[in-house]
Structure formats: structure tokens, C-alpha cells
Amino acid sequence: MTIKDFMTNKHRECDYLLTQAEDLLEKGEFDDALAKYIAFKNETLLHFTMEEEYLFPMLEEKSGMGNMGPTNVMRMEHTQAKSLFEKLDEAYNAKDKERAFSLGESMNILLQQHNLKEEQMLYTMMNSALAQDSQEIVEKLQNYGN
């Protein structure tokens with residue numbers, strides 16, 4: 001499995017958790033919706049951490065681009081998502097269905113655009129620049145946060 005494959009799969013897993021949270025919210029199952037939302041948030045934040053603390057620095061060093069290239073843009077978008085999480089936390093905890101849906105839509109748009117850039121550009125760069133160590137990197141990613 002390549003870095004791109006692994007990280008793209010992680011995107012899909014996070015997307016699915018958000019969809020499940022919203023489906024439960026729609027049904028008025030607030031406690032279950034909150035649990036799925038928290039799972040989505042935790043998985044997404046872990047994903048950001050894997051990138052920011054492990055993958056991005058490795059790519060920046062190997063490619064010589066430093067942290068002012070595309071990885072800097074990705075970090076800024078992570079910060080935007082983290083800010084949205086604060087608002088989503090409030091909406092879910094208040095059981096404010098409409099606000100949670102509205103903020104969830106904003107999060108979904110932000111993450112879909114963000115993920116597309118990573119999948120089409122950044123992960124492809126990683127596959128190329130880090131090809132020699134790809135298997136070892138994927139193994140570390142599989143155990144990240146454990």
C-alpha cells in the first residue's frame with residue numbers, strides 16, 4: 001500500500017463518520033449522533049497530527065521545499081477545520097440540529113476541497129519523494145496514535 005492509498009483511505013473513513021453522525025442527527029438520535037461526531041472529530045484530528053508531525057516534515061526535508069510550500073497551505077486549512085470543530089462541538093452539545101447541519105456542511109466543503117488537493121498533489125509528491133521508505137512509513141501510520 002502506498003502513502004497516498006493509506007491517507008486517501010483515512011479521508012474516506014473520516015467522511016463516513018461525519019455522514020453517520022448527520023444521519024443519526026436527522027433521526028433525532030442526539031446521543032448516538034454526538035458519539036459518531038466525536039469519532040469523526042478524533043479521527044480527523046489524528047489524521048491532521050499524522051500529517052503535521054510526521055509526513056509533512058519528512059516531505060519538507062526530503063524535497064527541500066521547507067514549510068512554506070503546499071504543506072503550509074494544508075496546515076492553514078487544518079487550522080480552519082479546527083476552528084469549525086469548536087463551533088460543531090457547541091452545536092452538537094446543545095442538540096442544535098440546524099446549526100450542526102449548517103456547520104457540518106461547511107466542514108464537509110472545506111474537507112472535500114482540502115482532501116482533493118492532498119490526494120491529487122501532496123500525496124503524489126510523497127509517493128515520489130518518499131518511495132524508498134514507503135512501506136515503513138505506512139506501517140508507522142497504521143500504528144500512529146496507539
# chains A, B, ... in the order shown; residues from 1 in each chain; ligands from 1
>>> residues_around(residues="Glu60 of chain A", least_positions_apart="2", cutoff="12 Å", atoms="only C-alpha atoms", output="number ranges by chain")
A: 51-58, 62-72, 122, 125-126, 129-130
>>> residues_around(residues="Phe40 of chain A", least_positions_apart="4", cutoff="10 Å", atoms="only C-alpha atoms", output="PyMOL selection string")
chain A and resi 13-21+34-36+44-46
>>> residues_around(residues="Met1 of chain A", least_positions_apart="3", cutoff="9 Å", atoms="only C-alpha atoms", output="VMD selection string")
chain A and resid 4 to 6 134 to 135 138
>>> select_by_dssp(residues="segment 1-89 of chain A", states="alpha helix (DSSP H)", output="PyMOL selection string")
chain A and resi 3-26+30-49+56-63+70-89
>>> closest_residue(among="A:Leu111, A:Leu103, A:Leu59, A:Phe48", to="Ala131 of chain A", atoms="only C-alpha atoms")
A:Leu59
>>> closest_residue(among="A:Ser128, A:Ile109, A:Lys97, A:His11", to="Glu43 of chain A", atoms="only C-alpha atoms")
A:His11
>>> closest_residue(among="A:Leu88, A:Ala100, A:Met74, A:Met50", to="Ile3 of chain A", atoms="only C-alpha atoms")
A:Met50
>>> closest_residue(among="A:Lys117, A:Arg75, A:His47, A:Lys27", to="Gln142 of chain A", atoms="only C-alpha atoms")
A:His47
>>> closest_residue(among="A:Ile38, A:Leu24, A:Leu84, A:Met121", to="Arg99 of chain A", atoms="only C-alpha atoms")
A:Leu84
>>> closest_residue(among="A:Glu90, A:Asp96, A:Phe85, A:Lys10", to="Asn108 of chain A", atoms="only C-alpha atoms")
A:Phe85
